Number of protein chains: 4
Amino acid sequence: MLIGFGTVNTAFAQKKSTTIATNNKVTAKVLQEILDKNKHFATQGKVADYIPELGKMNPNAIAFSVVDADGNVISVGDVSKKFTIQSISKIIALMIAVQEKGESEVFKNMGYYGTHQPFNHFANLEVSGKPLNPMMNAGAILTTSMIAGEGEIPFQKILNMIRFITKNNQISLNETVFLSEKETGHRNRGMFYLLKNNGLIHSTEEQLDTYFKQCSIEVSAEDLAKIAFFFANGCVRFDGDKTYKNIEMAQLIQSQMLIAGMYEFSGVYARTIGLPSKSGVGGGIAACVPGKMGIGIFSAPLDSQGNSIAGYQMILDFSRRFQLNIFQP
Amino acid sequence: MLIGFGTVNTAFAQKKSTTIATNNKVTAKVLQEILDKNKHFATQGKVADYIPELGKMNPNAIAFSVVDADGNVISVGDVSKKFTIQSISKIIALMIAVQEKGESEVFKNMGYYGTHQPFNHFANLEVSGKPLNPMMNAGAILTTSMIAGEGEIPFQKILNMIRFITKNNQISLNETVFLSEKETGHRNRGMFYLLKNNGLIHSTEEQLDTYFKQCSIEVSAEDLAKIAFFFANGCVRFDGDKTYKNIEMAQLIQSQMLIAGMYEFSGVYARTIGLPSKSGVGGGIAACVPGKMGIGIFSAPLDSQGNSIAGYQMILDFSRRFQLNIFQP
Amino acid sequence: MLIGFGTVNTAFAQKKSTTIATNNKVTAKVLQEILDKNKHFATQGKVADYIPELGKMNPNAIAFSVVDADGNVISVGDVSKKFTIQSISKIIALMIAVQEKGESEVFKNMGYYGTHQPFNHFANLEVSGKPLNPMMNAGAILTTSMIAGEGEIPFQKILNMIRFITKNNQISLNETVFLSEKETGHRNRGMFYLLKNNGLIHSTEEQLDTYFKQCSIEVSAEDLAKIAFFFANGCVRFDGDKTYKNIEMAQLIQSQMLIAGMYEFSGVYARTIGLPSKSGVGGGIAACVPGKMGIGIFSAPLDSQGNSIAGYQMILDFSRRFQLNIFQP
Amino acid sequence: MLIGFGTVNTAFAQKKSTTIATNNKVTAKVLQEILDKNKHFATQGKVADYIPELGKMNPNAIAFSVVDADGNVISVGDVSKKFTIQSISKIIALMIAVQEKGESEVFKNMGYYGTHQPFNHFANLEVSGKPLNPMMNAGAILTTSMIAGEGEIPFQKILNMIRFITKNNQISLNETVFLSEKETGHRNRGMFYLLKNNGLIHSTEEQLDTYFKQCSIEVSAEDLAKIAFFFANGCVRFDGDKTYKNIEMAQLIQSQMLIAGMYEFSGVYARTIGLPSKSGVGGGIAACVPGKMGIGIFSAPLDSQGNSIAGYQMILDFSRRFQLNIFQP
């Protein structure tokens with residue numbers, strides 16, 4: 001990823017001059033400045049178009065939302081713009097599967113590994129038979145298959161959890177995207193059957209539909225900021241609701257986000273931004289500031305790894321401005 | 001790694017009852033308690049014996065050292081016990097290479113990737129031709145080859161940097177271990193020539209000797225704690241010396257430690273301990289608490305990934321007791 | 001495969017004493033001798049049991065059939081015993097696909113490679129996206145998908161070609177085996193969708209059914225001998241019928257049989273027996289003696305590569321007795 | 001390989017019109033016709049230039065030599081032109097190693113596999129630890145290391161065997177090529193040490209020199225034809241000398257030539273030419289007609305797999321003209 005590496009390369013040259021201290025207030029003004037400064041990066045990316053519905057996204061729409069340490073929601077840009085959550089749904093599905101089956105069971109046939117392989121890698125399923133981690137597609141398909149219930153039930157659990165975390169009952173499925181994903185998802189279907197062949201999946205193709213559906217849920221940048229806040233704060237909701245409070249769960253999810261949430265770009269991302277994050281091919285990124293904030297961005301054009309290109313730049317700027325990098329002294 | 005996974009598995013069952021707050025004082029008493037509680041794990045591991053000299057290490061020797069946020073050094077156990085630094089030297093060599101050549105140049109032919117492959121993996125050198133990261137052997141051999149100077153000079157730079165960081169001029173090379181490493185290091189020599197074939201290494205075998213030498217430097221657990229403190233604190237020494245202060249460097253080193261410092265165990269380690277760490281096959285581990293402490297342990301018996309088994313348990317306990325996990329809310 | 005390697009190992013020690021010249025007559029007496037001498041090997045193998053129907057095969061049933069250079073059919077043992085043709089059907093499907101589309105088109109997305117990988121290998125589909133050869137499952141599924149026609153038509157073409165070559169209209173589908181293969185064939189289904197994802201397959205799952213069906217056609221050892229004769233003789237039938245005569249086709253099929261027909265055992269098989277052969281997991285092997293004979297054997301117990309263990313030994317003995325090895329001076 | 005595949009593609013279109021029967025006489029006139037018709041292909045290839053000495057070869061020099069079934073040597077073109085034998089030496093080294101240690105011992109840590117991987121592939125040394133076959137570099141380095149004797153002895157054995165088979169005592173080492181190979185052979189040196197690491201090689205780098213030397217022996221096309229005749233005829237020399245007569249050895253060598261002698265092009269080569277052959281990057285090919293002839297060609301420009309491009313075309317024409325394909329009915 002040239003942009004990421006470029007950032008790395010110039011990092012040492014830059015004087016880290018006038019950074020704002022972490023306890024400084026996050027304001028809409030600051031977010032707007034960052035958005036304005038970085039929105040031009042969108043022109044260097046490419047909107048996902050593997051299904052026609054995704055290709056229709058407006059490449060100029062951009063939004064930046066933060067839930068600060070006090071649970072205040074600050075958003076700028078196209079805040080009402082909806083887009084499909086795609087792979088960011090994987091952290092919700094992982095949470096539910098672990099709640100139901102226990103971490104030990106969920107990871108019995110799956111690793112906690114980072115990797116240089118892309119999100120849809122499958123060759124390793126031949127060698128070890130097991131997905132590398134729950135952030136890549138193979139592992140995510142396996143994870144979703146472990147959520148209990150027939151028919152619509154597993155999907156409803158995922159949708160309801162997202163609605164709960166965001167306190168937004170308007171969130172729902174984009175049926176058109178779902179049908180497109182289902183129709184063209186040959187590679188995911190191939191991996192589903194390879195996992196089934198390895199004895200890891202016991203359900204029918206119905207559960208693969210759950211996976212296609214969870215990816216087709218529509219959210220806004222603000223919704224993502226709330227999801228990120230939730231995991232950054234021990235599974236406590238932005239309004240303080242502690243129904244699902246669980247420090248271990250939050251550590252599990254965030255550690256996987258840092259290790260593998262940005263796929264093969266995760267190592268560079270940890271180096272430059274240093275925040276547990278999960279991207280979706282719909283153009284969203286959710287980034288956690290452990291114990292503090294949640295960040296949600298949206299901008300559809302993607303870099304070559306499938307991450308929102310302007311989104312990455314906005315989070316990078318924000319992380320530096322407020323010294324949020326977890327490796328910050 | 002059964003122990004690591006076992007820890008993960010029981011994590012959710014455990015009540016995180018009476019944790020001591022992070023601002024609580026680290027004392028020798030607490031460290032001794034943790035050491036006493038975990039030293040029995042050593043009996044479940046196996047001292048490295050690929051060279052006779054390593055196999056001679058006393059499996060019962062154990063040490064635990066912490067440099068706290070104020071730069072105080074607290075150590076318990078066999079604090080004067082020396083052992084070879086092995087792979088922990090890779091972070092020092094990386095620092096020097098980046099200082100000299102710039103991060104961009106050092107990573108031109110190397111990734112920032114995590115991986116499920118073991119420390120001595122080489123198959124990927126055929127596909128991409130480039131090491132996955134500077135923490136595994138192939139990348140570390142490449143890194144060291146980039147340190148400028150003829151003959152002894154590159155090694156002296158590494159040795160001097162370790163002496164500087166630890167303020168310990170007694171630190172020196174174990175010649176016997178070096179000669180053994182050199183004589184039996186066929187796999188490292190094989191990778192050296194494959195990298196040379198790929199046009200990544202331009203030096204002669206002399207520079208491979210530098211690598212064998214850097215691994216054969218003898219340190220104590222206390223030395224490791226000081227090294228960890230240094231990178232945890234923006235490359236500021238435990239006594240406050242700011243000669244090498246460099247936030248970006250510290251972020252680079254720590255992010256690589258988290259992503260790949262414990263090799264294929266890094267993902268589980270990030271999940272359970274959540275601290276940037278680097279292990280060596282000599283039985284040492286250096287663990288950074290960003291912006292705060294440095295931890296150094298020694299216990300020779302290793303688990304199947306080549307990490308100190310009692311060392312892992314001591315750091316795990318310590319991390320939980322003081323809530324140091326970077327994903328802690 | 002210990003048996004194969006064992007054979008290789010002792011080869012040089014053996015005096016090749018009193019071999020019968022190639023122009024000597026193949027008689028039922030000789031075949032019976034060879035069968036009797038080798039039938040005990042069946043006890044060292046294991047009947048395929050990945051579907052219950054296959055596991056029911058009698059491990060003691062054994063048959064040995066040869067069509068000699070004059071088209072005479074000589075058979076001994078359980079000559080009327082039927083078994084499913086399994087992977088031997090791949091050479092028939094390849095012939096039909098090449099007839100219809102031309103060799104160039106059929107191999108546009110597939111190699112002519114030998115390999116050390118097993119018959120159901122799929123990892124390479126990630127790297128190059130293309131099956132290694134038409135003898136392994138991935139390539140065979142691709143091959144069958146290229147046979148034109150809707151619904152039952154492609155299957156009927158394969159069945160009819162087998163009936164033509166054997167002049168045996170009794171040959172038909174074992175419906176129970178087909179349904180079992182279809183139900184449990186997750187790995188083949190996985191590969192079908194990966195090939196579809198790579199843009200190589202354009203048909204629906206119906207064409208995968210064709211593949212499961214072609215494998216479930218029931219034949220006898222005599223039928224296999226006639227199929228082998230056909231390809232050994234430029235696609236001329238054992239009774240002299242020249243309807244499909246095609247030297248290039250016969251060279252294509254036989255070269256692939258030699259290179260990959262026995263999967264990863266092909267290299268050892270070429271060394272020891274030196275005849276283009278194709279095995280099926282049902283316990284059959286068809287072996288061509290170029291320009292001369294066709295050999296068909298049946299014995300259900302398989303070695304670890306999935307080849308009939310007593311069948312291999314019978315062909316080895318026969319090949320030596322009549323000096324049929326293609327590398328024979 | 002476009003040329004090879006192109007040949008395959010047109011094969012079915014071609015009328016195999018006026019082929020000369022196999023018992024027809026091979027004459028200098030026929031060879032000259034074939035040479036003249038195909039020499040233009042050389043302009044489509046590229047002379048190997050990984051060492052300067054090889055790059056100096058005249059791309060227009062071309063020679064075609066056949067030893068017929070009666071041991072007559074017929075040669076046309078630049079028959080006195082010398083070139084380095086390169087990988088064709090591997091079959092000689094294999095013969096000597098098997099003579100000394102037995103086939104069982106030589107193949108204890110090496111396969112008989114064909115492959116789609118190139119000649120200098122090494123990644124599989126990580127997975128299984130064992131070379132795929134003795135025709136690729138890794139396996140050939142291992143094979144040579146098994147030839148007994150100190151210093152120059154193993155090389156002298158190889159040189160003497162080539163001199164014996166060709167009855168040509170003028171054959172000797174090209175010292176300049178050897179030194180270049182040695183100096184630049186980083187990849188071979190890398191594989192040597194990986195094999196040593198795997199416990200397969202017990203000798204020092206001196207034995208790697210033997211490998212570099214055997215590749216640097218200078219021969220002519222006529223010498224290659226005699227070598228090919230030798231293995232095609234049960235290790236009987238072209239003048240009838242039976243000192244090394246050994247049918248099993250000849251079958252081993254030829255089967256490996258067919259399976260892997262042309263590297264990843266072997267499958268296509270078996271399909272189109274159908275003769276056990278071994279190529280060298282110096283521009284030579286030795287091709288066996290089992291029980292009959294030996295063919296030797298030279299033309300330095302190579303195709304993308306590293307095989308002589310005009311050489312391939314000449315052998316293809318010759319094989320068709322005399323119907324020599326081993327899969328010929």
# chains A, B, ... in the order shown; residues from 1 in each chain; ligands from 1

$ interface_residues --of "chain C" --to "chain A" --cutoff "12 Å" --atoms "only C-alpha atoms" --output "JSON, numbers by chain"
{"C": [50, 117, 118, 120, 121, 122, 123, 124, 125, 126, 127, 128, 129, 183, 184, 185, 186, 187, 188, 189, 190, 191, 192, 193, 194, 195, 196, 197, 198, 199, 200, 201, 202, 204, 205]}

$ select_by_dssp --residues "range 33-218 of chain C" --states "alpha helix (DSSP H)" --output "ChimeraX atom specification"
/C:33-38,52-55,89-101,103-106,124-127,137-145,153-166,175-184,186-197,205-215

$ residues_around --residues "Phe238 in chain C" --least-positions-apart "6" --cutoff "7 Å" --atoms "only C-alpha atoms" --output "JSON, numbers by chain"
{"C": [71, 226, 229, 230]}

$ write_last_selection --atoms "C-alpha atoms" --output "short mmCIF file (atom, residue, chain, number, x, y, z; two decimals), in the first residue's frame"
data_model
loop_
_atom_site.label_atom_id
_atom_site.label_comp_id
_atom_site.auth_asym_id
_atom_site.auth_seq_id
_atom_site.Cartn_x
_atom_site.Cartn_y
_atom_site.Cartn_z
CA GLY C 71 -8.06 -57.62 -29.51
CA LYS C 226 -11.11 -52.37 -23.20
CA PHE C 229 -6.78 -50.87 -25.14
CA PHE C 230 -8.69 -48.05 -26.83
#

$ residues_around --residues "range 111-115 of chain D" --least-positions-apart "3" --cutoff "7 Å" --atoms "only C-alpha atoms" --output "PyMOL selection string"
(chain C and resi 113-116+264+267-268) or (chain D and resi 107+131-133+256+259-260+264)

$ residues_around --residues "Lys37 in chain D" --least-positions-apart "5" --cutoff "10 Å" --atoms "only C-alpha atoms" --output "PDB file with C-alpha atoms, in the first residue's frame"
ATOM      1  CA  LEU D  31      18.649 -34.205 -40.030  1.00  0.00           C
ATOM      2  CA  GLN D  32      19.866 -31.278 -42.118  1.00  0.00           C
ATOM      3  CA  ALA D 310      15.173 -24.486 -31.585  1.00  0.00           C
ATOM      4  CA  GLN D 313      11.425 -27.854 -32.326  1.00  0.00           C
ATOM      5  CA  MET D 314      14.028 -30.074 -33.986  1.00  0.00           C
ATOM      6  CA  ASP D 317       9.927 -32.674 -35.874  1.00  0.00           C
TER       7      ASP D 317
END

$ residues_around --residues "Gly294 in chain A" --least-positions-apart "4" --cutoff "7 Å" --atoms "only C-alpha atoms" --output "VMD selection string"
chain A and resid 66 to 68 225 to 226 228 to 229 232 287 to 289

$ select_by_dssp --residues "range 93-321 of chain C" --states "strand (DSSP E or B)" --output "PyMOL selection string"
chain C and resi 173+217-219+277-279+284-288+294-299+302+308

$ write_last_selection --atoms "N, CA and C atoms" --output "short mmCIF file (atom, residue, chain, number, x, y, z; two decimals), in the first residue's frame"
data_model
loop_
_atom_site.label_atom_id
_atom_site.label_comp_id
_atom_site.auth_asym_id
_atom_site.auth_seq_id
_atom_site.Cartn_x
_atom_site.Cartn_y
_atom_site.Cartn_z
N LEU C 173 -25.34 -46.21 -14.33
CA LEU C 173 -25.06 -45.44 -13.11
C LEU C 173 -25.47 -46.21 -11.86
N ILE C 217 -20.43 -44.49 -12.32
CA ILE C 217 -20.73 -45.49 -13.36
C ILE C 217 -20.08 -46.81 -12.97
N GLU C 218 -20.86 -47.89 -13.11
CA GLU C 218 -20.33 -49.20 -12.72
C GLU C 218 -19.74 -49.96 -13.91
N VAL C 219 -18.55 -50.47 -13.70
CA VAL C 219 -17.86 -51.23 -14.75
C VAL C 219 -17.25 -52.50 -14.14
N SER C 277 -1.30 -45.17 -16.87
CA SER C 277 -2.37 -45.84 -16.10
C SER C 277 -3.24 -44.83 -15.39
N LYS C 278 -4.46 -45.22 -15.13
CA LYS C 278 -5.36 -44.38 -14.33
C LYS C 278 -6.04 -45.25 -13.31
N SER C 279 -6.02 -44.79 -12.08
CA SER C 279 -6.66 -45.53 -11.00
C SER C 279 -7.94 -44.84 -10.57
N GLY C 284 -10.35 -49.91 -9.13
CA GLY C 284 -9.96 -50.26 -10.50
C GLY C 284 -8.71 -49.54 -10.94
N ILE C 285 -7.97 -50.16 -11.87
CA ILE C 285 -6.87 -49.49 -12.58
C ILE C 285 -6.96 -49.89 -14.05
N ALA C 286 -6.83 -48.91 -14.93
CA ALA C 286 -6.73 -49.18 -16.36
C ALA C 286 -5.31 -48.82 -16.79
N ALA C 287 -4.60 -49.75 -17.43
CA ALA C 287 -3.21 -49.51 -17.82
C ALA C 287 -3.03 -49.78 -19.31
N CYS C 288 -2.42 -48.83 -20.00
CA CYS C 288 -2.20 -48.94 -21.45
C CYS C 288 -0.81 -49.46 -21.76
N GLY C 294 -4.36 -53.54 -23.58
CA GLY C 294 -5.05 -52.83 -22.53
C GLY C 294 -5.17 -53.74 -21.32
N ILE C 295 -4.95 -53.20 -20.14
CA ILE C 295 -5.03 -53.99 -18.92
C ILE C 295 -6.09 -53.38 -18.01
N GLY C 296 -6.92 -54.22 -17.40
CA GLY C 296 -7.89 -53.73 -16.42
C GLY C 296 -7.83 -54.60 -15.19
N ILE C 297 -7.75 -54.00 -14.03
CA ILE C 297 -7.76 -54.81 -12.81
C ILE C 297 -8.80 -54.26 -11.85
N PHE C 298 -9.20 -55.13 -10.91
CA PHE C 298 -10.06 -54.70 -9.81
C PHE C 298 -9.68 -55.43 -8.53
N SER C 299 -9.51 -54.63 -7.50
CA SER C 299 -9.35 -55.15 -6.13
C SER C 299 -9.54 -53.93 -5.24
N LEU C 302 -7.15 -50.30 -0.95
CA LEU C 302 -6.28 -49.27 -1.51
C LEU C 302 -5.04 -49.05 -0.65
N SER C 308 -5.35 -49.19 -5.94
CA SER C 308 -5.57 -50.60 -5.60
C SER C 308 -4.23 -51.27 -5.33
#

$ residues_around --residues "range 84-86 of chain A" --least-positions-apart "4" --cutoff "12 Å" --atoms "only C-alpha atoms" --output "short mmCIF file (atom, residue, chain, number, x, y, z; two decimals) with N, CA, C and O atoms, in the first residue's frame"
data_model
loop_
_atom_site.label_atom_id
_atom_site.label_comp_id
_atom_site.auth_asym_id
_atom_site.auth_seq_id
_atom_site.Cartn_x
_atom_site.Cartn_y
_atom_site.Cartn_z
N ALA A 48 -15.44 -0.11 -4.32
CA ALA A 48 -15.63 -1.54 -4.58
C ALA A 48 -16.74 -1.73 -5.59
O ALA A 48 -17.78 -1.07 -5.49
N GLU A 53 -24.30 -3.01 -6.86
CA GLU A 53 -24.87 -2.16 -5.81
C GLU A 53 -23.78 -1.35 -5.09
O GLU A 53 -23.97 -0.17 -4.78
N LEU A 54 -22.65 -1.99 -4.82
CA LEU A 54 -21.56 -1.29 -4.14
C LEU A 54 -20.95 -0.22 -5.04
O LEU A 54 -20.62 0.88 -4.58
N GLY A 55 -20.85 -0.54 -6.31
CA GLY A 55 -20.25 0.38 -7.26
C GLY A 55 -21.03 1.69 -7.40
O GLY A 55 -20.49 2.70 -7.87
N MET A 57 -22.08 3.53 -5.02
CA MET A 57 -21.82 4.45 -3.91
C MET A 57 -21.17 5.74 -4.42
O MET A 57 -20.29 5.72 -5.27
N LYS A 90 -17.98 -8.62 11.36
CA LYS A 90 -17.29 -9.81 11.88
C LYS A 90 -17.02 -9.71 13.38
O LYS A 90 -16.99 -10.73 14.07
N ILE A 91 -16.78 -8.49 13.86
CA ILE A 91 -16.49 -8.37 15.30
C ILE A 91 -17.75 -8.58 16.13
O ILE A 91 -17.69 -9.09 17.24
N ILE A 92 -18.90 -8.22 15.57
CA ILE A 92 -20.17 -8.46 16.27
C ILE A 92 -20.47 -9.96 16.29
O ILE A 92 -20.83 -10.53 17.33
N ALA A 93 -20.31 -10.61 15.14
CA ALA A 93 -20.56 -12.06 15.07
C ALA A 93 -19.61 -12.81 16.00
O ALA A 93 -20.02 -13.76 16.67
N MET A 135 -11.04 -12.62 11.50
CA MET A 135 -11.22 -11.35 10.79
C MET A 135 -11.24 -11.55 9.26
O MET A 135 -11.83 -10.77 8.54
N MET A 136 -10.57 -12.58 8.81
CA MET A 136 -10.58 -12.88 7.38
C MET A 136 -11.86 -13.69 7.06
O MET A 136 -12.49 -14.24 7.95
N ASN A 137 -12.19 -13.76 5.78
CA ASN A 137 -13.47 -14.36 5.43
C ASN A 137 -13.66 -15.79 5.91
O ASN A 137 -14.73 -16.14 6.44
N ALA A 140 -14.38 -15.84 9.51
CA ALA A 140 -15.64 -15.17 9.80
C ALA A 140 -16.84 -16.05 9.41
O ALA A 140 -17.85 -16.09 10.12
N ILE A 158 -27.39 -10.93 15.35
CA ILE A 158 -26.35 -9.98 14.93
C ILE A 158 -26.95 -8.59 14.74
O ILE A 158 -26.45 -7.58 15.27
N LEU A 159 -28.07 -8.53 14.03
CA LEU A 159 -28.74 -7.25 13.78
C LEU A 159 -29.15 -6.60 15.10
O LEU A 159 -28.92 -5.39 15.32
N ILE A 162 -26.20 -5.11 16.98
CA ILE A 162 -25.77 -3.83 16.39
C ILE A 162 -26.75 -2.73 16.76
O ILE A 162 -26.35 -1.61 17.12
N ILE A 171 -31.53 0.60 12.01
CA ILE A 171 -30.55 -0.19 11.25
C ILE A 171 -31.19 -1.45 10.71
O ILE A 171 -31.88 -2.17 11.42
N SER A 172 -30.98 -1.70 9.42
CA SER A 172 -31.57 -2.90 8.82
C SER A 172 -30.78 -3.38 7.62
O SER A 172 -29.76 -2.80 7.24
N LEU A 173 -31.27 -4.46 7.07
CA LEU A 173 -30.61 -5.14 5.96
C LEU A 173 -30.86 -4.42 4.64
O LEU A 173 -31.98 -4.01 4.35
N ASN A 174 -29.81 -4.30 3.83
CA ASN A 174 -29.98 -3.87 2.44
C ASN A 174 -30.17 -5.14 1.61
O ASN A 174 -29.22 -5.86 1.30
N GLU A 175 -31.44 -5.41 1.30
CA GLU A 175 -31.81 -6.66 0.63
C GLU A 175 -31.13 -6.82 -0.74
O GLU A 175 -30.70 -7.92 -1.11
N THR A 176 -31.01 -5.73 -1.46
CA THR A 176 -30.38 -5.79 -2.79
C THR A 176 -28.92 -6.21 -2.70
O THR A 176 -28.45 -7.06 -3.46
N VAL A 177 -28.21 -5.58 -1.75
CA VAL A 177 -26.81 -5.95 -1.58
C VAL A 177 -26.71 -7.42 -1.17
O VAL A 177 -25.91 -8.19 -1.72
N PHE A 178 -27.56 -7.83 -0.23
CA PHE A 178 -27.54 -9.22 0.23
C PHE A 178 -27.71 -10.19 -0.95
O PHE A 178 -26.94 -11.15 -1.10
N GLU A 181 -24.59 -10.23 -3.06
CA GLU A 181 -23.50 -10.93 -2.38
C GLU A 181 -23.71 -12.45 -2.48
O GLU A 181 -22.79 -13.21 -2.75
N TYR A 211 -24.14 -15.06 6.84
CA TYR A 211 -22.91 -14.29 6.63
C TYR A 211 -23.11 -13.20 5.58
O TYR A 211 -22.72 -12.05 5.78
N PHE A 212 -23.73 -13.56 4.47
CA PHE A 212 -23.98 -12.57 3.42
C PHE A 212 -24.88 -11.46 3.95
O PHE A 212 -24.70 -10.29 3.63
N LYS A 213 -25.84 -11.85 4.78
CA LYS A 213 -26.76 -10.85 5.34
C LYS A 213 -26.06 -9.90 6.31
O LYS A 213 -26.29 -8.69 6.29
N GLN A 214 -25.26 -10.46 7.21
CA GLN A 214 -24.61 -9.60 8.20
C GLN A 214 -23.74 -8.55 7.53
O GLN A 214 -23.61 -7.43 8.02
N CYS A 215 -23.16 -8.91 6.38
CA CYS A 215 -22.32 -7.97 5.64
C CYS A 215 -23.16 -6.88 4.97
O CYS A 215 -22.63 -5.82 4.60
N SER A 216 -24.44 -7.14 4.80
CA SER A 216 -25.32 -6.24 4.05
C SER A 216 -26.15 -5.33 4.94
O SER A 216 -27.08 -4.67 4.49
N ILE A 217 -25.81 -5.31 6.21
CA ILE A 217 -26.50 -4.40 7.14
C ILE A 217 -26.00 -2.98 6.88
O ILE A 217 -24.80 -2.76 6.73
N GLU A 218 -26.95 -2.04 6.85
CA GLU A 218 -26.57 -0.65 6.57
C GLU A 218 -26.39 0.17 7.85
O GLU A 218 -27.26 0.17 8.73
N VAL A 219 -25.29 0.87 7.91
CA VAL A 219 -24.98 1.71 9.07
C VAL A 219 -24.47 3.08 8.60
O VAL A 219 -24.25 3.29 7.42
N SER A 220 -24.26 3.96 9.58
CA SER A 220 -23.64 5.27 9.29
C SER A 220 -22.31 5.33 10.04
O SER A 220 -22.02 4.47 10.88
N ALA A 221 -21.49 6.34 9.76
CA ALA A 221 -20.22 6.52 10.45
C ALA A 221 -20.44 6.62 11.96
O ALA A 221 -19.66 6.10 12.76
N GLU A 222 -21.51 7.28 12.33
CA GLU A 222 -21.83 7.43 13.76
C GLU A 222 -22.09 6.08 14.41
O GLU A 222 -21.66 5.83 15.54
N ASP A 223 -22.81 5.21 13.70
CA ASP A 223 -23.03 3.87 14.24
C ASP A 223 -21.70 3.16 14.48
O ASP A 223 -21.51 2.50 15.50
N LEU A 224 -20.77 3.31 13.54
CA LEU A 224 -19.46 2.66 13.69
C LEU A 224 -18.70 3.22 14.88
O LEU A 224 -18.03 2.48 15.61
N ILE A 227 -19.99 1.56 17.91
CA ILE A 227 -19.50 0.18 18.01
C ILE A 227 -18.05 0.18 18.51
O ILE A 227 -17.68 -0.59 19.40
N LYS A 278 -11.19 -2.03 12.50
CA LYS A 278 -11.74 -3.01 11.55
C LYS A 278 -12.33 -2.24 10.39
O LYS A 278 -13.11 -1.30 10.57
N SER A 279 -11.94 -2.66 9.19
CA SER A 279 -12.44 -2.01 7.99
C SER A 279 -13.47 -2.89 7.29
O SER A 279 -13.55 -4.08 7.53
N GLY A 280 -14.29 -2.24 6.45
CA GLY A 280 -15.24 -2.96 5.62
C GLY A 280 -15.11 -2.46 4.19
O GLY A 280 -14.79 -1.29 3.97
N VAL A 281 -15.37 -3.33 3.25
CA VAL A 281 -15.19 -2.98 1.85
C VAL A 281 -16.26 -1.96 1.39
O VAL A 281 -16.16 -1.37 0.31
N GLY A 282 -17.23 -1.73 2.24
CA GLY A 282 -18.24 -0.70 1.95
C GLY A 282 -17.70 0.71 2.14
O GLY A 282 -18.36 1.69 1.79
N GLY A 283 -16.50 0.82 2.74
CA GLY A 283 -15.88 2.13 2.93
C GLY A 283 -15.85 2.60 4.37
O GLY A 283 -15.40 3.71 4.65
N GLY A 284 -16.29 1.76 5.29
CA GLY A 284 -16.29 2.13 6.70
C GLY A 284 -15.06 1.61 7.42
O GLY A 284 -14.47 0.62 7.02
N ILE A 285 -14.66 2.32 8.48
CA ILE A 285 -13.65 1.83 9.43
C ILE A 285 -14.13 2.18 10.83
O ILE A 285 -14.59 3.30 11.07
N ALA A 286 -14.04 1.20 11.73
CA ALA A 286 -14.29 1.45 13.15
C ALA A 286 -12.97 1.32 13.88
O ALA A 286 -12.29 0.31 13.72
N GLY A 296 -15.54 6.38 14.03
CA GLY A 296 -16.17 5.76 12.87
C GLY A 296 -15.98 6.66 11.67
O GLY A 296 -16.18 7.87 11.76
N ILE A 297 -15.56 6.11 10.57
CA ILE A 297 -15.44 6.93 9.37
C ILE A 297 -16.14 6.24 8.21
O ILE A 297 -16.36 5.03 8.22
N PHE A 298 -16.45 7.05 7.20
CA PHE A 298 -16.96 6.51 5.95
C PHE A 298 -16.45 7.32 4.77
O PHE A 298 -16.52 8.55 4.76
N SER A 299 -15.92 6.60 3.80
CA SER A 299 -15.55 7.16 2.50
C SER A 299 -15.33 5.94 1.61
O SER A 299 -14.47 5.10 1.89
N ALA A 300 -16.12 5.84 0.55
CA ALA A 300 -16.19 4.58 -0.21
C ALA A 300 -14.91 4.19 -0.97
O ALA A 300 -14.60 3.00 -1.05
N GLY A 306 -8.15 -2.82 0.19
CA GLY A 306 -9.58 -2.83 0.47
C GLY A 306 -9.98 -2.00 1.68
O GLY A 306 -11.04 -2.20 2.26
N ASN A 307 -9.12 -1.05 2.06
CA ASN A 307 -9.45 -0.16 3.18
C ASN A 307 -9.75 1.24 2.65
O ASN A 307 -9.11 1.71 1.71
#

$ closest_residue --among "D:Phe231, D:Phe164, D:Tyr269, D:Phe327" --to "Gln254 in chain C" --atoms "only C-alpha atoms"
D:Phe327
